[in-house]
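Asks: Enclosed is the structure file data.json (JSON, C-alpha atoms).
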```
[["chain", "number", "residue", "atom", "x", "y", "z"],
["E", 65, "MET", "CA", -39.66, -10.20, -26.65],
["E", 66, "SER", "CA", -38.10, -12.51, -29.26],
["E", 67, "ARG", "CA", -34.77, -14.23, -28.69],
["E", 68, "ARG", "CA", -33.25, -12.12, -31.46],
["E", 69, "VAL", "CA", -34.37, -8.87, -29.84],
["E", 70, "SER", "CA", -33.24, -10.10, -26.42],
["E", 71, "ALA", "CA", -29.82, -10.90, -27.86],
["E", 72, "GLY", "CA", -29.66, -7.48, -29.48],
["E", 73, "VAL", "CA", -30.53, -5.71, -26.22],
["E", 74, "ALA", "CA", -27.90, -7.73, -24.37],
["E", 75, "LEU", "CA", -25.29, -6.85, -27.00],
["E", 76, "GLY", "CA", -26.24, -3.19, -26.86],
["E", 77, "LEU", "CA", -25.93, -3.12, -23.09],
["E", 78, "ALA", "CA", -22.55, -4.80, -23.31],
["E", 79, "LEU", "CA", -21.35, -2.25, -25.84],
["E", 80, "LEU", "CA", -22.63, 0.61, -23.71],
["E", 81, "GLY", "CA", -20.92, -0.88, -20.71],
["E", 82, "GLY", "CA", -17.68, -1.07, -22.64],
["E", 83, "CYS", "CA", -17.89, 2.64, -23.45],
["E", 84, "ALA", "CA", -18.84, 3.72, -19.95],
["E", 85, "PRO", "CA", -16.24, 5.53, -17.83],
["E", 86, "ARG", "CA", -14.28, 3.30, -15.49],
["E", 87, "PRO", "CA", -15.07, 3.57, -11.79],
["E", 88, "PRO", "CA", -12.44, 5.79, -10.13],
["E", 89, "VAL", "CA", -10.48, 3.03, -8.37],
["E", 90, "LEU", "CA", -10.30, 0.98, -11.56],
["E", 91, "ARG", "CA", -9.21, 4.07, -13.46],
["E", 92, "ALA", "CA", -6.33, 4.61, -11.06],
["E", 93, "ILE", "CA", -5.31, 0.95, -11.21],
["E", 94, "HIS", "CA", -5.37, 1.15, -15.01],
["E", 95, "ALA", "CA", -3.24, 4.32, -14.96],
["E", 96, "ARG", "CA", -0.69, 2.50, -12.80],
["E", 97, "GLY", "CA", -0.53, -0.28, -15.34],
["E", 98, "GLY", "CA", -2.70, -2.93, -13.70],
["E", 99, "PRO", "CA", -3.24, -4.84, -10.45],
["E", 100, "LEU", "CA", -0.54, -5.01, -7.79],
["E", 101, "HIS", "CA", -1.17, -8.08, -5.67],
["E", 102, "ALA", "CA", 2.32, -8.65, -4.27],
["E", 103, "VAL", "CA", 5.36, -6.43, -3.91],
["E", 104, "VAL", "CA", 8.71, -6.36, -2.14],
["E", 105, "ARG", "CA", 10.58, -3.07, -1.72],
["E", 106, "GLU", "CA", 14.13, -2.32, -0.57],
["E", 107, "VAL", "CA", 14.26, 1.10, 1.06],
["E", 108, "GLU", "CA", 16.65, 3.70, 2.39],
["E", 109, "ALA", "CA", 15.08, 6.33, 4.64],
["E", 110, "GLU", "CA", 15.87, 9.43, 6.63],
["E", 111, "VAL", "CA", 13.87, 9.23, 9.87],
["E", 112, "PHE", "CA", 13.12, 12.41, 11.82],
["E", 113, "VAL", "CA", 11.44, 11.24, 15.05],
["E", 114, "GLY", "CA", 11.78, 8.38, 17.49],
["E", 115, "ALA", "CA", 15.24, 7.19, 16.42],
["E", 116, "PRO", "CA", 16.39, 9.88, 13.98],
["E", 117, "GLY", "CA", 18.96, 9.01, 11.35],
["E", 118, "ARG", "CA", 19.46, 6.99, 8.20],
["E", 119, "TRP", "CA", 17.81, 3.58, 8.15],
["E", 120, "SER", "CA", 17.37, 0.70, 5.72],
["E", 121, "TRP", "CA", 14.38, -1.58, 5.60],
["E", 122, "ARG", "CA", 12.43, -3.99, 3.44],
["E", 123, "THR", "CA", 8.66, -4.14, 3.10],
["E", 124, "ALA", "CA", 6.61, -6.99, 1.67],
["E", 125, "PHE", "CA", 2.90, -6.94, 0.85],
["E", 126, "LEU", "CA", 0.52, -9.64, -0.32],
["E", 127, "TYR", "CA", -3.08, -8.88, -1.27],
["E", 128, "PRO", "CA", -5.39, -8.29, 0.46],
["E", 129, "ASP", "CA", -3.64, -7.26, 3.69],
["E", 130, "ARG", "CA", -0.64, -9.46, 4.54],
["E", 131, "TYR", "CA", 2.38, -7.37, 5.39],
["E", 132, "GLY", "CA", 6.00, -7.61, 6.48],
["E", 133, "TRP", "CA", 8.47, -4.97, 7.61],
["E", 134, "THR", "CA", 12.15, -5.77, 8.18],
["E", 135, "ILE", "CA", 14.37, -3.10, 9.73],
["E", 136, "PHE", "CA", 18.09, -3.67, 9.30],
["E", 137, "THR", "CA", 20.28, -2.64, 12.23],
["E", 138, "ALA", "CA", 23.96, -2.92, 13.12],
["E", 139, "ALA", "CA", 23.08, -5.93, 15.27],
["E", 140, "GLY", "CA", 21.00, -7.77, 12.66],
["E", 141, "ALA", "CA", 17.40, -7.52, 11.48],
["E", 142, "ASP", "CA", 14.11, -6.92, 13.26],
["E", 143, "HIS", "CA", 11.11, -8.48, 11.52],
["E", 144, "TYR", "CA", 7.45, -7.53, 11.99],
["E", 145, "LEU", "CA", 5.01, -9.81, 10.16],
["E", 146, "PHE", "CA", 1.23, -9.90, 9.75],
["E", 147, "ASP", "CA", -0.29, -12.95, 8.07],
["E", 148, "GLY", "CA", -3.85, -11.60, 7.91],
["E", 149, "ALA", "CA", -4.74, -12.86, 11.39],
["E", 150, "VAL", "CA", -1.70, -12.73, 13.70],
["E", 151, "THR", "CA", 1.26, -10.40, 14.05],
["E", 152, "ARG", "CA", 4.68, -11.87, 14.84],
["E", 153, "THR", "CA", 7.97, -10.27, 15.82],
["E", 154, "PHE", "CA", 11.40, -11.78, 15.22],
["E", 155, "VAL", "CA", 14.97, -10.69, 15.92],
["E", 156, "ASP", "CA", 16.91, -12.26, 13.09],
["E", 157, "SER", "CA", 15.30, -15.73, 12.96],
["E", 158, "ASN", "CA", 14.39, -15.83, 16.64],
["E", 159, "PRO", "CA", 10.69, -15.42, 17.52],
["E", 160, "VAL", "CA", 10.02, -12.74, 20.11],
["E", 161, "SER", "CA", 6.26, -12.22, 20.32],
["E", 162, "VAL", "CA", 2.89, -13.15, 18.85],
["E", 163, "ASP", "CA", -0.16, -10.88, 18.96],
["E", 164, "ALA", "CA", -3.61, -11.89, 17.77],
["E", 165, "THR", "CA", -5.45, -8.87, 19.18],
["E", 166, "PRO", "CA", -7.43, -6.73, 16.70],
["E", 167, "ASP", "CA", -5.67, -3.52, 17.78],
["E", 168, "ALA", "CA", -2.10, -4.71, 17.18],
["E", 169, "PRO", "CA", -0.33, -1.70, 15.61],
["E", 170, "LEU", "CA", 1.09, -3.67, 12.67],
["E", 171, "ARG", "CA", -2.45, -4.39, 11.48],
["E", 172, "SER", "CA", -2.87, -0.67, 10.83],
["E", 173, "HIS", "CA", 0.37, -0.68, 8.81],
["E", 174, "ALA", "CA", -0.96, -3.56, 6.72],
["E", 175, "ARG", "CA", -4.28, -1.77, 6.14],
["E", 176, "PHE", "CA", -2.58, 1.51, 5.23],
["E", 177, "THR", "CA", -0.34, -0.31, 2.75],
["E", 178, "ALA", "CA", -3.33, -2.12, 1.24],
["E", 179, "VAL", "CA", -5.05, 1.23, 0.70],
["E", 180, "THR", "CA", -2.00, 2.67, -1.06],
["E", 181, "TYR", "CA", -1.94, -0.27, -3.47],
["E", 182, "LEU", "CA", -5.65, 0.32, -4.30],
["E", 183, "ASP", "CA", -6.78, -3.20, -5.25],
["E", 184, "ALA", "CA", -8.20, -3.89, -1.77],
["E", 185, "LEU", "CA", -10.55, -0.91, -2.19],
["E", 186, "LEU", "CA", -12.58, -3.04, -4.62],
["E", 187, "LEU", "CA", -13.42, -5.60, -1.92],
["E", 188, "PRO", "CA", -16.88, -5.82, -0.35],
["E", 189, "GLY", "CA", -17.04, -3.91, 2.88],
["E", 190, "VAL", "CA", -15.12, -0.88, 1.57],
["E", 191, "GLN", "CA", -17.19, 2.18, 0.71],
["E", 192, "VAL", "CA", -15.47, 4.51, -1.76],
["E", 193, "THR", "CA", -16.86, 7.97, -2.49],
["E", 194, "PRO", "CA", -15.50, 11.03, -4.33],
["E", 195, "LEU", "CA", -13.87, 13.78, -2.30],
["E", 196, "ALA", "CA", -15.26, 17.29, -2.50],
["E", 197, "GLY", "CA", -12.91, 19.84, -4.01],
["E", 198, "SER", "CA", -12.42, 21.53, -0.65],
["E", 199, "ASP", "CA", -11.25, 18.21, 0.85],
["E", 200, "LEU", "CA", -8.65, 17.40, -1.79],
["E", 201, "PRO", "CA", -5.05, 16.97, -0.59],
["E", 202, "GLU", "CA", -2.53, 19.50, -1.83],
["E", 203, "GLY", "CA", -1.40, 18.69, -5.36],
["E", 204, "ALA", "CA", -4.36, 16.41, -6.14],
["E", 205, "VAL", "CA", -6.87, 17.10, -8.91],
["E", 206, "TRP", "CA", -9.36, 14.48, -7.74],
["E", 207, "GLY", "CA", -9.69, 12.26, -4.74],
["E", 208, "LEU", "CA", -11.54, 9.51, -2.93],
["E", 209, "ALA", "CA", -12.57, 8.70, 0.61],
["E", 210, "ALA", "CA", -12.43, 5.02, 1.54],
["E", 211, "VAL", "CA", -14.23, 3.78, 4.65],
["E", 212, "PHE", "CA", -13.89, 0.21, 5.94],
["E", 213, "ALA", "CA", -17.13, -1.18, 7.34],
["E", 214, "SER", "CA", -15.33, -3.51, 9.75],
["E", 215, "ASP", "CA", -14.04, -0.69, 11.96],
["E", 216, "GLY", "CA", -15.12, 2.59, 10.36],
["E", 217, "ALA", "CA", -11.53, 3.58, 9.52],
["E", 218, "ARG", "CA", -11.46, 6.36, 6.91],
["E", 219, "TYR", "CA", -8.70, 7.07, 4.39],
["E", 220, "ARG", "CA", -8.29, 10.06, 2.11],
["E", 221, "LEU", "CA", -6.65, 9.52, -1.29],
["E", 222, "GLY", "CA", -5.52, 12.13, -3.81],
["E", 223, "PHE", "CA", -4.67, 11.60, -7.48],
["E", 224, "ASP", "CA", -2.76, 13.73, -9.99],
["E", 225, "PRO", "CA", -3.77, 14.56, -13.60],
["E", 226, "ARG", "CA", -2.29, 11.22, -14.74],
["E", 227, "ASP", "CA", -4.67, 9.40, -12.34],
["E", 228, "LEU", "CA", -1.68, 8.29, -10.26],
["E", 229, "LEU", "CA", -2.03, 8.13, -6.49],
["E", 230, "VAL", "CA", 0.07, 10.92, -4.97],
["E", 231, "HIS", "CA", -1.36, 11.23, -1.45],
["E", 232, "VAL", "CA", -2.87, 8.93, 1.19],
["E", 233, "GLU", "CA", -3.73, 9.63, 4.79],
["E", 234, "GLY", "CA", -5.40, 7.53, 7.43],
["E", 235, "PRO", "CA", -5.16, 6.02, 10.92],
["E", 236, "LEU", "CA", -1.98, 4.27, 12.07],
["E", 237, "GLY", "CA", -0.56, 2.90, 15.30],
["E", 238, "LEU", "CA", 3.12, 3.74, 15.68],
["E", 239, "PRO", "CA", 4.76, 2.75, 18.97],
["E", 240, "PRO", "CA", 6.02, 4.54, 20.95],
["E", 241, "LEU", "CA", 4.26, 7.59, 19.43],
["E", 242, "GLY", "CA", 0.83, 6.01, 19.81],
["E", 243, "ALA", "CA", -2.15, 6.20, 17.47],
["E", 244, "GLY", "CA", -2.53, 9.05, 15.01],
["E", 245, "THR", "CA", -2.93, 10.02, 11.38],
["E", 246, "LEU", "CA", -0.24, 9.05, 8.90],
["E", 247, "SER", "CA", 0.04, 10.88, 5.60],
["E", 248, "ALA", "CA", 2.14, 9.74, 2.67],
["E", 249, "ARG", "CA", 3.07, 11.75, -0.41],
["E", 250, "PHE", "CA", 4.35, 9.81, -3.42],
["E", 251, "ALA", "CA", 6.73, 11.10, -6.11],
["E", 252, "ASP", "CA", 9.46, 10.05, -8.57],
["E", 253, "PHE", "CA", 7.35, 7.57, -10.53],
["E", 254, "HIS", "CA", 9.08, 5.07, -12.79],
["E", 255, "ARG", "CA", 7.79, 2.15, -14.80],
["E", 256, "THR", "CA", 8.86, -1.13, -13.22],
["E", 257, "ASN", "CA", 7.80, -4.45, -14.70],
["E", 258, "GLY", "CA", 4.98, -2.68, -16.51],
["E", 259, "LEU", "CA", 3.69, -0.71, -13.51],
["E", 260, "PHE", "CA", 4.16, 2.99, -12.87],
["E", 261, "LEU", "CA", 5.33, 3.10, -9.23],
["E", 262, "PRO", "CA", 6.65, 5.82, -6.88],
["E", 263, "TYR", "CA", 10.26, 5.61, -5.72],
["E", 264, "ARG", "CA", 10.05, 8.43, -3.18],
["E", 265, "THR", "CA", 7.65, 8.83, -0.29],
["E", 266, "ALA", "CA", 7.45, 11.59, 2.32],
["E", 267, "TYR", "CA", 5.65, 10.60, 5.53],
["E", 268, "ALA", "CA", 4.18, 12.80, 8.24],
["E", 269, "PHE", "CA", 2.60, 11.64, 11.49],
["E", 270, "GLY", "CA", 0.06, 14.20, 12.55],
["E", 271, "ALA", "CA", 1.61, 17.57, 11.71],
["E", 272, "ALA", "CA", 5.23, 16.41, 12.15],
["E", 273, "PRO", "CA", 7.49, 15.05, 9.39],
["E", 274, "LEU", "CA", 8.18, 11.40, 10.10],
["E", 275, "ALA", "CA", 10.48, 10.07, 7.37],
["E", 276, "ASP", "CA", 11.60, 10.54, 3.78],
["E", 277, "GLU", "CA", 11.84, 7.23, 2.00],
["E", 278, "ARG", "CA", 13.68, 6.27, -1.20],
["E", 279, "ALA", "CA", 13.09, 2.88, -2.77],
["E", 280, "VAL", "CA", 16.33, 1.49, -4.17],
["E", 281, "ALA", "CA", 14.57, -1.58, -5.61],
["E", 282, "ILE", "CA", 10.95, -2.60, -6.18],
["E", 283, "CYS", "CA", 9.74, -6.04, -7.26],
["E", 284, "PRO", "CA", 6.04, -5.79, -8.20],
["E", 285, "ASN", "CA", 3.85, -8.89, -8.52],
["E", 286, "ILE", "CA", 6.68, -11.05, -7.22],
["E", 287, "ARG", "CA", 5.93, -14.65, -6.29],
["E", 288, "LEU", "CA", 5.04, -14.43, -2.60],
["E", 289, "ALA", "CA", 3.26, -17.24, -0.76],
["E", 290, "PRO", "CA", 0.93, -16.45, 2.17],
["E", 291, "GLU", "CA", 3.19, -18.54, 4.42],
["E", 292, "ALA", "CA", 6.02, -16.07, 3.77],
["E", 293, "LEU", "CA", 4.34, -13.58, 6.10],
["E", 294, "ARG", "CA", 4.80, -15.97, 9.02],
["E", 295, "MET", "CA", 8.53, -16.63, 8.79],
["E", 296, "PRO", "CA", 11.04, -13.92, 7.86],
["E", 297, "ALA", "CA", 13.35, -16.31, 6.03],
["E", 298, "ALA", "CA", 10.57, -16.98, 3.50],
["E", 299, "ILE", "CA", 10.34, -13.35, 2.36],
["E", 300, "PRO", "CA", 12.44, -12.84, -0.78],
["E", 301, "SER", "CA", 14.80, -9.92, -1.20],
["E", 302, "CYS", "CA", 14.41, -7.62, -4.18],
["E", 303, "GLY", "CA", 17.45, -6.92, -6.32],
["E", 304, "MET", "CA", 15.68, -5.16, -9.19],
["E", 305, "ARG", "CA", 17.00, -1.65, -9.78],
["E", 306, "ARG", "CA", 15.15, 0.89, -11.88]]
```
Can you dump the structure from the file as structure tokens?

Replies:
Amino acid sequence: MSRRVSAGVALGLALLGGCAPRPPVLRAIHARGGPLHAVVREVEAEVFVGAPGRWSWRTAFLYPDRYGWTIFTAAGADHYLFDGAVTRTFVDSNPVSVDATPDAPLRSHARFTAVTYLDALLLPGVQVTPLAGSDLPEGAVWGLAAVFASDGARYRLGFDPRDLLVHVEGPLGLPPLGAGTLSARFADFHRTNGLFLPYRTAYAFGAAPLADERAVAICPNIRLAPEALRMPAAIPSCGMRR
């Protein structure tokens, strides 16, 4: 085959590739507005089990799976941080515990959050397959199953006609309730810094309602260093209102 023909074939394949449908995860990321590699959220929530009542918290996420959760209380702030290898607990700025075990509950929170933000599903070691119609979550028109090769954990994702993620469910450890299946339903989408993001989330743990969450501020793709998920003072607040 001549160089000219080879070049023509290569160009044709490139053009065909450009016209081909996007893989489902990429399609959903595109519908959202693009990648989401770091985000800080300020939240108000109504909690129904454990310690029922109105709570405020902050979550921080850094791709691929670093995660922080700060719960604000009358006495101060409780911080739960996962840096990708170790979980740490602080009360205000005072360290309380360190846990490097693979079954630390906060690891499951980090994984669940990574699944909801989609980008981590493109990593090697994650098998993504379409859901059958009979397995679709309520309100979803198409869906995916994501299975992580490292531990076999399976997540079910549902998307609406806009290709926006509206439902996720998967394994989670939630002391003192133990291990179970968490489901999250997303609603009230608004464009924030170019990304279409949900401001309301309804959680259930097993068959029981767990919490209704309202984001009062979301800062997508904020500057967030990996070291921030080791010390609570390094996690920025988010003052952006929609």

Asks: Quick one: of E:Gly244, E:Gly97, E:Gly270, E:Pro88, who's nearest to E:His173, counting all atoms listed in the file?

Replies: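 Of all the options, E:Gly244 lies closest to E:His173.
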
Asks: Pick the closest to E:Asn257 from E:Ala115, E:Ser198, E:Arg96, E:Pro188: which is it, counting all atoms listed in the file?

Replies: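 The shortest atom-to-atom distance to E:Asn257 comes from E:Arg96.
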
Asks: Could you tell me which of E:Leu246, E:Leu186, E:Trp119, E:Arg175 comes closest to E:Asp215 if we count all atoms listed in the file?

Replies: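 Smallest separation from E:Asp215 among the options: E:Arg175.
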
Asks: Between E:Phe125, E:Phe223, E:Tyr144, E:Tyr131, which one has atoms that come closest to E:Arg91, using only C-alpha atoms?

Replies: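 Once distances to E:Arg91 are computed over only C-alpha atoms, the minimum belongs to E:Phe223.
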
Asks: So how many Å separate atom CA of E:Pro169 and atom CA of E:Gly207, to one decimal?

Replies: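 Those two atoms sit 26.4 Å apart.
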